[in-house]
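Structure first, then comments.
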Amino acid sequence: MLDGLAKPQAEISPKFLYDELGSSLFTAITLLDEYYPTRCENEIFSRHAAEIVAHAGQIQALIDLGAGDCAKAERLLAHVRPSQYVPIDISVDYLKAAVKRIADRYPELDIVALGMDFFNDLSLPDDVLAARRTFFYPGSSIGNLPPAQAAELLSSIRGQCDDGALIIGVDLVKDRSILEPAYDDAVGVTSAFNLNMLRHVNSILGSDFDLAQWQHVACFNEARSRMEMHLRARVATTVTWPGGQRRFEQGEKIHTEDSYKYRPHAFKAMLARAGFGQIRYWTDAREWFAVFCARA
């Protein structure tokens, strides 16, 4: 985190968006009119869940990456009954309540909940079943990684599911008039989500970011095919933390998140390079979003 704040273009990893409050705010974002990905993905699963699960094959362990409130996996569990469910999320406190709900609904299901940053290390413990693993990565979080790092994560997943599959959500390229409001809604929930990162950073670093001095900015970078989120200083300010500080001039930005948008053929090629085969995908009616299922 300190390395990112020290860069000429300051940045904070998007994983720090997701403390308990940040995770709750993101759940609220998914309910907004402007935020199309969740509705599009729900449409795909409502129409094609049985077909997607059938293509994945037999599932012994369902490994839910970025599980959050586990709601998406819970809908999938209606179509498949694995022996084990493995929700993984960086926000441990937020995950606990969701896991209790799943356990109450499926008392026979072996649940191994993991609090970990799987972007950096996807090593799974020995109590996770080794056979017939299906990795479930819904939403569009794969887009938070630059394409090279996304390819590395896909290769890591492939290395841990030799006889299994991957089900993954991917946001597709579309016009900025659709993309930008999805990351800068009229109510201001996304702004609160982004600004909450500074509160979280203060709690970790002991820094003194004043949230009132910063504003949320979202824009589509067409050249890089990605949405970008920043926090921009409303006034010149100096932020301090134990052992250090940084001066931010008025208008200077901290880069907090990217969300890359893919064309279907490009993401299919990425999966193939990672070692997956039998790759299929389904889209919503407007072709704004896709769910891929690939076999290992």
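Note on naming: chains are A, B, ... as they come in the structure tokens, residues start from 1 per chain, ligands start from 1 in the order shown.
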Filtered DSSP result for segment 6-230 of chain A, state alpha helix (DSSP H), as a ChimeraX atom specification: /A:6,20-29,36-56,71-77,92-105,147-159,176-182,189-205
Nearby residues (only C-alpha atoms) at most 10 Å from Leu21 of chain A, same-chain spacing under 4 positions excluded, as JSON, numbers by chain: {"A": [17, 25, 26, 27, 91, 93, 94, 193, 196, 197, 199, 200]}
Restricted to C-alpha atoms, what would the selected residues look like written as a CSV table (one decimal), in the first residue's frame?
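Output saved as selection_32.csv:
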```
chain,number,residue,atom,x,y,z
A,17,LEU,CA,-12.2,-1.4,-1.3
A,25,LEU,CA,-21.8,-0.9,-0.2
A,26,PHE,CA,-20.8,-3.0,-3.2
A,27,THR,CA,-23.9,-5.2,-2.6
A,91,SER,CA,-13.5,-9.6,3.7
A,93,ASP,CA,-16.2,-10.6,8.7
A,94,TYR,CA,-18.6,-10.1,5.8
A,193,PHE,CA,-17.8,2.8,-2.0
A,196,ASN,CA,-14.7,4.3,2.0
A,197,MET,CA,-11.3,2.9,0.8
A,199,ARG,CA,-11.4,5.2,5.7
A,200,HIS,CA,-10.1,1.6,5.4
```
Contacts of Pro138 of chain A within 8 Å, only C-alpha atoms, excl. fewer than 3 positions in-chain, as an MDAnalysis selection string: chainID A and resid 65 72 141 167:170 291
Within 12 Å of Gln58 of chain A, counting only C-alpha atoms, which residues show up once you throw out same-chain ones fewer than 3 positions away? Write them as a short mmCIF file (atom, residue, chain, number, x, y, z; two decimals) with C-alpha atoms, in the first residue's frame, please.
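Everything below was put into around_6.cif:
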```
data_model
loop_
_atom_site.label_atom_id
_atom_site.label_comp_id
_atom_site.auth_asym_id
_atom_site.auth_seq_id
_atom_site.Cartn_x
_atom_site.Cartn_y
_atom_site.Cartn_z
CA ILE A 52 -23.87 -24.20 -17.82
CA VAL A 53 -23.72 -26.68 -14.94
CA ALA A 54 -24.13 -29.60 -17.36
CA HIS A 55 -21.21 -28.33 -19.42
CA ALA A 61 -16.05 -29.06 -4.76
CA LEU A 62 -17.53 -25.70 -5.75
CA HIS A 79 -28.83 -26.66 -9.77
CA VAL A 80 -25.88 -28.61 -8.42
CA ARG A 81 -25.28 -30.34 -5.11
CA PRO A 82 -21.52 -30.59 -4.56
CA SER A 83 -20.02 -32.43 -1.63
CA ALA A 131 -11.04 -34.05 -7.29
CA ARG A 132 -13.72 -32.56 -9.57
CA ARG A 133 -13.17 -28.96 -8.56
CA THR A 134 -15.23 -26.29 -10.28
CA ASP A 163 -10.45 -32.84 -13.89
CA GLY A 164 -12.75 -29.91 -13.23
CA ALA A 165 -13.97 -26.68 -14.75
CA ARG A 295 -13.26 -27.56 -18.94
#
```
Who sits within 12 Å of Gly206 of chain A, only C-alpha atoms, same chain under 4 positions skipped, as a list in words: Leu2, Leu198, Arg199, His200, Val201, Asn202, Val239, Thr240, Trp241, Pro242, Gly243, Gly244 and Gln245 of chain A
Residues within 10 Å of Leu114 of chain A, only C-alpha atoms, excluding chain neighbours under 3 positions, as a VMD selection string: chain A and resid 64 to 65 67 86 to 92 95 to 96 111 117 to 118 124 to 125
Since we have the selection now, will you write its residues out, keeping all heavy atoms, as a short mmCIF file (atom, residue, chain, number, x, y, z; two decimals), in the first residue's frame?
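Contents of result18.cif, as written:
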```cif
data_model
loop_
_atom_site.label_atom_id
_atom_site.label_comp_id
_atom_site.auth_asym_id
_atom_site.auth_seq_id
_atom_site.Cartn_x
_atom_site.Cartn_y
_atom_site.Cartn_z
N ASP A 64 -15.78 -20.88 -4.70
CA ASP A 64 -16.42 -19.60 -5.00
C ASP A 64 -15.44 -18.46 -4.75
O ASP A 64 -15.19 -18.08 -3.60
CB ASP A 64 -17.67 -19.46 -4.12
CG ASP A 64 -18.53 -18.26 -4.46
OD1 ASP A 64 -18.22 -17.55 -5.42
OD2 ASP A 64 -19.52 -18.04 -3.74
N LEU A 65 -14.86 -17.91 -5.82
CA LEU A 65 -13.86 -16.86 -5.70
C LEU A 65 -14.53 -15.49 -5.55
O LEU A 65 -15.37 -15.11 -6.36
CB LEU A 65 -12.95 -16.86 -6.92
CG LEU A 65 -12.17 -18.16 -7.18
CD1 LEU A 65 -11.34 -18.04 -8.45
CD2 LEU A 65 -11.27 -18.50 -6.00
N ALA A 67 -16.44 -14.54 -2.94
CA ALA A 67 -17.79 -15.00 -2.63
C ALA A 67 -18.72 -13.89 -2.14
O ALA A 67 -19.92 -13.93 -2.38
CB ALA A 67 -17.73 -16.12 -1.59
N VAL A 86 -16.66 -24.06 -1.07
CA VAL A 86 -15.48 -23.35 -0.57
C VAL A 86 -15.58 -21.88 -0.96
O VAL A 86 -15.12 -21.47 -2.02
CB VAL A 86 -14.18 -23.96 -1.13
CG1 VAL A 86 -12.95 -23.29 -0.50
CG2 VAL A 86 -14.15 -25.46 -0.91
N PRO A 87 -16.24 -21.06 -0.12
CA PRO A 87 -16.30 -19.62 -0.41
C PRO A 87 -14.99 -18.94 0.01
O PRO A 87 -14.49 -19.18 1.11
CB PRO A 87 -17.47 -19.14 0.45
CG PRO A 87 -17.52 -20.09 1.60
CD PRO A 87 -17.01 -21.42 1.09
N ILE A 88 -14.47 -18.10 -0.87
CA ILE A 88 -13.22 -17.39 -0.61
C ILE A 88 -13.45 -15.91 -0.79
O ILE A 88 -13.99 -15.46 -1.80
CB ILE A 88 -12.11 -17.87 -1.58
CG1 ILE A 88 -11.85 -19.37 -1.44
CG2 ILE A 88 -10.82 -17.09 -1.35
CD1 ILE A 88 -10.86 -19.93 -2.45
N ASP A 89 -13.04 -15.13 0.22
CA ASP A 89 -13.19 -13.68 0.11
C ASP A 89 -12.17 -13.01 1.01
O ASP A 89 -11.78 -13.56 2.05
CB ASP A 89 -14.60 -13.24 0.50
CG ASP A 89 -14.96 -11.88 -0.08
OD1 ASP A 89 -14.63 -10.86 0.53
OD2 ASP A 89 -15.57 -11.85 -1.17
N ILE A 90 -11.75 -11.81 0.62
CA ILE A 90 -10.77 -11.08 1.42
C ILE A 90 -11.41 -10.47 2.66
O ILE A 90 -10.76 -10.22 3.66
CB ILE A 90 -10.08 -9.99 0.56
CG1 ILE A 90 -8.82 -9.48 1.26
CG2 ILE A 90 -11.05 -8.85 0.22
CD1 ILE A 90 -7.95 -8.62 0.38
N SER A 91 -12.73 -10.23 2.61
CA SER A 91 -13.45 -9.64 3.73
C SER A 91 -14.03 -10.76 4.61
O SER A 91 -15.13 -11.25 4.39
CB SER A 91 -14.58 -8.72 3.23
OG SER A 91 -15.27 -8.15 4.31
N VAL A 92 -13.26 -11.16 5.60
CA VAL A 92 -13.62 -12.33 6.42
C VAL A 92 -14.90 -12.08 7.22
O VAL A 92 -15.78 -12.95 7.29
CB VAL A 92 -12.45 -12.69 7.36
CG1 VAL A 92 -12.83 -13.87 8.24
CG2 VAL A 92 -11.20 -13.02 6.56
N LEU A 95 -17.94 -12.35 5.16
CA LEU A 95 -18.15 -13.73 4.71
C LEU A 95 -18.82 -14.59 5.79
O LEU A 95 -19.63 -15.47 5.48
CB LEU A 95 -16.81 -14.34 4.31
CG LEU A 95 -16.80 -15.71 3.63
CD1 LEU A 95 -17.58 -15.68 2.33
CD2 LEU A 95 -15.35 -16.15 3.37
N LYS A 96 -18.51 -14.33 7.05
CA LYS A 96 -19.01 -15.19 8.13
C LYS A 96 -20.54 -15.26 8.16
O LYS A 96 -21.12 -16.34 8.28
CB LYS A 96 -18.50 -14.68 9.48
CG LYS A 96 -17.02 -14.95 9.73
CD LYS A 96 -16.58 -14.38 11.07
CE LYS A 96 -15.11 -14.64 11.32
NZ LYS A 96 -14.64 -14.01 12.59
N ILE A 111 -18.73 -27.10 4.33
CA ILE A 111 -18.34 -25.75 3.94
C ILE A 111 -16.96 -25.45 4.53
O ILE A 111 -16.74 -25.57 5.73
CB ILE A 111 -19.35 -24.70 4.44
CG1 ILE A 111 -20.74 -24.99 3.85
CG2 ILE A 111 -18.90 -23.30 4.06
CD1 ILE A 111 -21.82 -24.06 4.36
N ASP A 117 -6.43 -13.49 0.00
CA ASP A 117 -6.26 -12.65 -1.18
C ASP A 117 -5.83 -13.56 -2.33
O ASP A 117 -4.64 -13.75 -2.57
CB ASP A 117 -5.21 -11.56 -0.90
CG ASP A 117 -4.95 -10.66 -2.09
OD1 ASP A 117 -5.66 -10.79 -3.11
OD2 ASP A 117 -4.02 -9.84 -2.02
N PHE A 118 -6.80 -14.12 -3.04
CA PHE A 118 -6.47 -15.12 -4.05
C PHE A 118 -5.83 -14.51 -5.29
O PHE A 118 -5.28 -15.22 -6.13
CB PHE A 118 -7.70 -15.95 -4.43
CG PHE A 118 -8.84 -15.14 -5.00
CD1 PHE A 118 -8.90 -14.86 -6.35
CD2 PHE A 118 -9.86 -14.69 -4.18
CE1 PHE A 118 -9.95 -14.12 -6.88
CE2 PHE A 118 -10.91 -13.95 -4.69
CZ PHE A 118 -10.96 -13.67 -6.05
N LEU A 124 -4.64 -23.66 -2.09
CA LEU A 124 -5.76 -24.12 -1.29
C LEU A 124 -5.28 -25.12 -0.24
O LEU A 124 -4.39 -25.93 -0.50
CB LEU A 124 -6.82 -24.77 -2.18
CG LEU A 124 -7.45 -23.84 -3.21
CD1 LEU A 124 -8.40 -24.61 -4.12
CD2 LEU A 124 -8.17 -22.69 -2.54
N PRO A 125 -5.88 -25.09 0.95
CA PRO A 125 -5.46 -26.01 2.02
C PRO A 125 -5.87 -27.45 1.71
O PRO A 125 -6.69 -27.73 0.84
CB PRO A 125 -6.20 -25.48 3.26
CG PRO A 125 -7.38 -24.75 2.71
CD PRO A 125 -6.94 -24.17 1.40
#
```
